[in-house]
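A.B. asks: I have a structure I would like to understand better, so I am pasting it below and will then ask my questions one at a time.
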Protein chains: 4
Amino acid sequence: MIKPAQFTLRFKVRDYECDLQGIVNNANYQHYTEHTRHEFLHAHGVNFAEMHQQGLDAVVARMTMNFKMPLRSGDEFVCTLNLRKEGLKYIFLQDIYRVSDEKLVFTSEITTVVLDHGRLRDCEMLNRIFNL
Amino acid sequence: MIKPAQFTLRFKVRDYECDLQGIVNNANYQHYTEHTRHEFLHAHGVNFAEMHQQGLDAVVARMTMNFKMPLRSGDEFVCTLNLRKEGLKYIFLQDIYRVSDEKLVFTSEITTVVLDHGRLRDCEMLNRIFNL
Amino acid sequence: MIKPAQFTLRFKVRDYECDLQGIVNNANYQHYTEHTRHEFLHAHGVNFAEMHQQGLDAVVARMTMNFKMPLRSGDEFVCTLNLRKEGLKYIFLQDIYRVSDEKLVFTSEITTVVLDHGRLRDCEMLNRIFNL
Amino acid sequence: MIKPAQFTLRFKVRDYECDLQGIVNNANYQHYTEHTRHEFLHAHGVNFAEMHQQGLDAVVARMTMNFKMPLRSGDEFVCTLNLRKEGLKYIFLQDIYRVSDEKLVFTSEITTVVLDHGRLRDCEMLNRIFNL
């Protein structure tokens, strides 16, 4: 069962994401979670590329990932997202479910911080938009 | 204007596809065209991964690409596909258009051949399905 | 200071690995650690692709990564590796250091297991080769 | 036989570059040629990332690639480079050879142009450095 979340994005495996084991290469799960975070921001009017141009960079400080079962060619899946804040850390909980049987494929916890021209600081814009 | 084609697939740029120039890295256009070809096959009941398991490998022999303008973060685009056959060659004409203004971003001609357990041969399955 | 390890591999950032923030995209660190593991196996006569053909697949079950400072265009770096075993788990500790100043860039703990035709099992070959 | 060239860079296939066909995915050849061009520039004191920061962007306008035989897991290879100029176009001829038997794997012709703050122009710096 796909647990409800703050934001959900649907994908389909692209064959070039599979490696010689015939399964999606692990590094692509990081891509899936990143794209989901950026689309989540975008849905709230925040543009990652524009933030960078203004000197604001959200960067990943720590990431824990659990790979429960592999995605394969042809699989459709959703990536879910929940956001909470701890001190200066914006923590994303992101899971991936296979659509065909709603099996849990992957879980992750991604800790990000915001750098303002390279210095760690609290991001009022994000706090306001997401009530953090 | 987006020229009608045999098959069209819609995408959105993912930020990890952009490089330090702030534009989509060229190699990703190859990914976009490959994914479009595989989805085209899939729409006709042909599974690329299953073909490989049966010893049939469609491989690219030659590729010409013209980069007319860059895709950027946030851009939506379509990749179109037309297929024709010349001898043993399956030739895909694939263009990319930006959705916002229908500008032509990229054109390509991709020549593929089919290997049966490593040997070049005509592929009756593809000929039948696509009337080639 | 680069801490001595069981195995060390030297790399140079490739510009296509950098994203629109001008730093190496996080997913590439996973690539770096994977390539280092495969080269470590190879240095001990174990071929990852051949293992797969024999039905033996080493897969990542869990991964924790800490990103301490970003790698940039032009940076040279080393990825270190130490391996230990816990039950059926092969645990790799892998760090990345920038060569120019030997600063610690990244640390990770990667838990892998071996599947024999899809079933979890102890891998005598790896145990013997690495005295685990 | 590996034909002598203006610049040559040696690589080893990384397993994550292979796809479900067990061969290097085509898009990676573009990565190999790009990295070779950037290392060629670097060997002559030109830094691609710094050029971008100064508003000078070398971009690919057209690319033709011939895939003669696939690279596989474990293969070592060299990418060669020859540069010539035609009008405002900097044209790179780049081939890839497998090291083990010096077989020609891949040939390409890559046409690039230089944009100065987005406008096409001749690049005196490159002309001077490379006597073009």
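Each chain of the structure tokens is named A, B, ... in the order shown, its residues numbered from 1; ligands are numbered from 1 in display order.
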So that I can check the surroundings of range 33-42 of chain B, please list as a ChimeraX atom specification every protein, DNA and RNA residue that reaches within 6 Å of it, counting only C-alpha atoms and ignoring chain neighbours fewer than 4 positions away.
C.D. replies: /A:14 /B:46-47
A.B. asks: From range 16-128 of chain D, collect each residue whose DSSP state is strand (DSSP E) and return the set as number ranges by chain.
C.D. replies: D: 56-67, 76-86, 89-98, 104-116, 119-120
A.B. asks: Show which residues sit within 10 Å of Arg121 in chain B, as a ChimeraX atom specification. Count only C-alpha atoms, and ignore same-chain residues fewer than 4 positions away.
C.D. replies: /B:56,88-89,113-117
A.B. asks: Distance table requested - chain A against chain D, cut-off 10 Å, only C-alpha atoms: one row per qualifying residue with the closest atom pair and its distance in Å to one decimal, ordered by chain and rising residue number, as CSV.
C.D. replies:
```
residue,atom,partner,partner_atom,distance
A:Asp15,CA,D:Leu20,CA,7.5
A:Tyr16,CA,D:Asp19,CA,6.0
A:Glu17,CA,D:Asp19,CA,7.3
A:Cys18,CA,D:Asp19,CA,5.5
A:Asp19,CA,D:Asp19,CA,4.1
A:Leu20,CA,D:Leu20,CA,4.6
A:Gln21,CA,D:Leu20,CA,6.6
A:Gly22,CA,D:Leu20,CA,4.7
A:Ile23,CA,D:Leu20,CA,7.5
A:Val24,CA,D:Leu20,CA,9.1
A:Asn25,CA,D:Tyr16,CA,7.0
A:Asn26,CA,D:Tyr16,CA,9.2
A:Ala27,CA,D:Tyr16,CA,8.8
A:Arg72,CA,D:Leu20,CA,9.8
A:Ser73,CA,D:Leu20,CA,8.8
```
A.B. asks: Produce a file of the selected residues containing all heavy atoms, as a CSV table (one decimal), in the first residue's frame.
C.D. replies:
```csv
chain,number,residue,atom,x,y,z
A,15,ASP,N,15.2,2.5,-19.8
A,15,ASP,CA,16.1,1.4,-20.0
A,15,ASP,C,17.5,1.8,-19.7
A,15,ASP,O,18.3,0.9,-19.2
A,15,ASP,CB,15.9,0.7,-21.3
A,15,ASP,CG,14.6,-0.2,-21.3
A,15,ASP,OD1,14.1,-0.4,-20.3
A,15,ASP,OD2,14.2,-0.5,-22.4
A,16,TYR,N,17.9,3.0,-20.1
A,16,TYR,CA,19.3,3.4,-19.9
A,16,TYR,C,19.7,3.5,-18.4
A,16,TYR,O,20.9,3.6,-18.1
A,16,TYR,CB,19.7,4.7,-20.6
A,16,TYR,CG,19.0,5.9,-20.2
A,16,TYR,CD1,19.4,6.6,-19.0
A,16,TYR,CD2,17.9,6.4,-20.8
A,16,TYR,CE1,18.7,7.7,-18.6
A,16,TYR,CE2,17.2,7.6,-20.4
A,16,TYR,CZ,17.7,8.2,-19.3
A,16,TYR,OH,17.0,9.3,-18.8
A,17,GLU,N,18.7,3.5,-17.6
A,17,GLU,CA,18.9,3.5,-16.1
A,17,GLU,C,19.3,2.1,-15.6
A,17,GLU,O,19.7,2.0,-14.4
A,17,GLU,CB,17.7,4.1,-15.4
A,17,GLU,CG,17.4,5.5,-15.8
A,17,GLU,CD,16.1,6.1,-15.3
A,17,GLU,OE1,15.2,5.3,-15.1
A,17,GLU,OE2,16.0,7.3,-15.3
A,18,CYS,N,19.1,1.1,-16.4
A,18,CYS,CA,19.4,-0.3,-15.9
A,18,CYS,C,20.8,-0.6,-16.2
A,18,CYS,O,21.4,-0.2,-17.2
A,18,CYS,CB,18.5,-1.3,-16.6
A,18,CYS,SG,16.7,-1.0,-16.3
A,19,ASP,N,21.5,-1.4,-15.4
A,19,ASP,CA,22.9,-1.7,-15.6
A,19,ASP,C,23.0,-3.2,-16.0
A,19,ASP,O,22.0,-3.9,-16.3
A,19,ASP,CB,23.7,-1.4,-14.4
A,19,ASP,CG,23.3,-2.2,-13.1
A,19,ASP,OD1,22.7,-3.2,-13.3
A,19,ASP,OD2,23.7,-1.7,-12.0
A,20,LEU,N,24.2,-3.7,-16.0
A,20,LEU,CA,24.4,-5.1,-16.6
A,20,LEU,C,23.8,-6.2,-15.8
A,20,LEU,O,23.7,-7.3,-16.2
A,20,LEU,CB,25.9,-5.3,-16.9
A,20,LEU,CG,26.9,-5.2,-15.7
A,20,LEU,CD1,26.9,-6.4,-14.8
A,20,LEU,CD2,28.3,-5.0,-16.4
A,21,GLN,N,23.3,-5.8,-14.5
A,21,GLN,CA,22.5,-6.8,-13.8
A,21,GLN,C,21.1,-6.8,-14.2
A,21,GLN,O,20.3,-7.6,-13.7
A,21,GLN,CB,22.6,-6.5,-12.3
A,21,GLN,CG,24.0,-6.8,-11.6
A,21,GLN,CD,24.0,-6.5,-10.1
A,21,GLN,OE1,23.3,-5.7,-9.6
A,21,GLN,NE2,24.7,-7.4,-9.4
A,22,GLY,N,20.7,-5.9,-15.2
A,22,GLY,CA,19.3,-5.9,-15.6
A,22,GLY,C,18.4,-5.2,-14.7
A,22,GLY,O,17.1,-5.2,-14.9
A,23,ILE,N,18.9,-4.5,-13.7
A,23,ILE,CA,18.1,-3.8,-12.7
A,23,ILE,C,18.5,-2.3,-12.7
A,23,ILE,O,19.6,-2.0,-13.2
A,23,ILE,CB,18.2,-4.4,-11.3
A,23,ILE,CG1,19.6,-4.4,-10.8
A,23,ILE,CG2,17.5,-5.8,-11.3
A,23,ILE,CD1,19.8,-5.0,-9.4
A,24,VAL,N,17.6,-1.4,-12.2
A,24,VAL,CA,18.0,0.0,-12.2
A,24,VAL,C,19.3,0.2,-11.3
A,24,VAL,O,19.3,-0.3,-10.2
A,24,VAL,CB,16.8,0.8,-11.6
A,24,VAL,CG1,17.3,2.2,-11.3
A,24,VAL,CG2,15.7,0.8,-12.6
A,25,ASN,N,20.3,0.8,-11.8
A,25,ASN,CA,21.5,1.1,-11.1
A,25,ASN,C,21.2,2.0,-9.9
A,25,ASN,O,20.4,3.0,-10.0
A,25,ASN,CB,22.5,1.7,-12.0
A,25,ASN,CG,23.9,1.9,-11.3
A,25,ASN,OD1,24.1,2.9,-10.6
A,25,ASN,ND2,24.7,1.0,-11.4
A,26,ASN,N,21.8,1.6,-8.7
A,26,ASN,CA,21.4,2.3,-7.5
A,26,ASN,C,21.5,3.9,-7.6
A,26,ASN,O,20.7,4.6,-6.9
A,26,ASN,CB,22.4,1.9,-6.4
A,26,ASN,CG,22.2,0.4,-6.0
A,26,ASN,OD1,21.1,-0.1,-6.0
A,26,ASN,ND2,23.3,-0.3,-5.8
A,27,ALA,N,22.5,4.4,-8.3
A,27,ALA,CA,22.7,5.8,-8.3
A,27,ALA,C,21.4,6.5,-8.9
A,27,ALA,O,21.2,7.7,-8.5
A,27,ALA,CB,23.9,6.2,-9.2
A,72,ARG,N,12.9,-2.7,-12.4
A,72,ARG,CA,13.4,-3.3,-13.6
A,72,ARG,C,12.8,-2.5,-14.8
A,72,ARG,O,11.9,-1.7,-14.7
A,72,ARG,CB,12.9,-4.7,-13.7
A,72,ARG,CG,13.6,-5.6,-12.7
A,72,ARG,CD,13.1,-7.1,-12.7
A,72,ARG,NE,13.7,-7.8,-11.6
A,72,ARG,CZ,14.9,-8.3,-11.5
A,72,ARG,NH1,15.6,-8.2,-12.6
A,72,ARG,NH2,15.4,-8.9,-10.5
A,73,SER,N,13.3,-2.8,-16.0
A,73,SER,CA,12.8,-2.3,-17.2
A,73,SER,C,11.3,-2.4,-17.3
A,73,SER,O,10.7,-3.4,-17.0
A,73,SER,CB,13.4,-3.1,-18.4
A,73,SER,OG,12.8,-2.7,-19.6
```
A.B. asks: Find the distance between CA of Asp95 in chain C and CA of Val78 in chain C and write it in Å to one decimal.
C.D. replies: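 Value for the CA of Asp95 in chain C-CA of Val78 in chain C distance: 8.2 Å.
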A.B. asks: Just to confirm, what's the straight-line distance from CA of Lys85 in chain B to CA of Gln6 in chain B in Å (one decimal)?
C.D. replies: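 Separation between CA of Lys85 in chain B and CA of Gln6 in chain B: 14.1 Å.
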A.B. asks: Would you please work out which residue, of A:Met69, A:Tyr90, A:Gln53, A:Arg10, is nearest to Asn131 in chain A when using only C-alpha atoms?
C.D. replies: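 So, comparing all the options, the nearest one is A:Tyr90.
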A.B. asks: Which residues, written as a short mmCIF file (atom, residue, chain, number, x, y, z; two decimals) with all heavy atoms, in the first residue's frame, have at least one atom at most 9 Å from Tyr32 in chain B, with only C-alpha atoms counted and residues fewer than 5 positions away on the same chain left out?
C.D. replies:
```cif
data_model
loop_
_atom_site.label_atom_id
_atom_site.label_comp_id
_atom_site.auth_asym_id
_atom_site.auth_seq_id
_atom_site.Cartn_x
_atom_site.Cartn_y
_atom_site.Cartn_z
N PHE B 11 8.40 14.90 -22.20
CA PHE B 11 9.35 14.84 -21.09
C PHE B 11 9.37 16.20 -20.38
O PHE B 11 8.93 17.20 -20.92
CB PHE B 11 10.79 14.64 -21.59
CG PHE B 11 11.10 13.35 -22.26
CD1 PHE B 11 10.76 13.13 -23.59
CD2 PHE B 11 11.80 12.36 -21.60
CE1 PHE B 11 11.11 11.95 -24.22
CE2 PHE B 11 12.16 11.18 -22.23
CZ PHE B 11 11.81 10.97 -23.55
N ARG B 37 12.50 5.71 -28.37
CA ARG B 37 12.46 4.51 -29.22
C ARG B 37 11.92 3.30 -28.46
O ARG B 37 11.08 2.54 -28.97
CB ARG B 37 13.87 4.18 -29.76
CG ARG B 37 14.39 5.16 -30.79
CD ARG B 37 15.59 4.61 -31.57
NE ARG B 37 16.71 4.23 -30.73
CZ ARG B 37 17.61 5.08 -30.21
NH1 ARG B 37 17.49 6.38 -30.42
NH2 ARG B 37 18.61 4.64 -29.48
N CYS B 79 9.71 14.54 -27.75
CA CYS B 79 10.62 13.90 -28.69
C CYS B 79 9.76 13.14 -29.69
O CYS B 79 8.91 12.32 -29.30
CB CYS B 79 11.56 12.96 -27.93
SG CYS B 79 12.80 12.19 -29.01
N ILE B 96 13.40 16.99 -31.32
CA ILE B 96 12.94 17.46 -30.01
C ILE B 96 12.46 18.89 -30.15
O ILE B 96 13.14 19.73 -30.76
CB ILE B 96 14.05 17.32 -28.94
CG1 ILE B 96 14.28 15.84 -28.64
CG2 ILE B 96 13.68 18.08 -27.67
CD1 ILE B 96 15.38 15.56 -27.63
#
```
A.B. asks: DSSP on the backbone: what in chain A comes out alpha helix (DSSP H), as a VMD selection string?
C.D. replies: chain A and resid 27 to 43 48 to 53 124 to 130
A.B. asks: For Ser108 in chain A, please output as a list in words all residues within 6 Å (counting only C-alpha atoms; exclusion window: fewer than 4 positions along the same chain).
C.D. replies: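 Listed by chain and then number, they are Thr64, Met65, Leu93 and Gln94 of chain A.
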A.B. asks: To one decimal place in Å, what is the distance between CA of Glu76 in chain A and CA of Ile110 in chain A?
C.D. replies: 22.6 Å
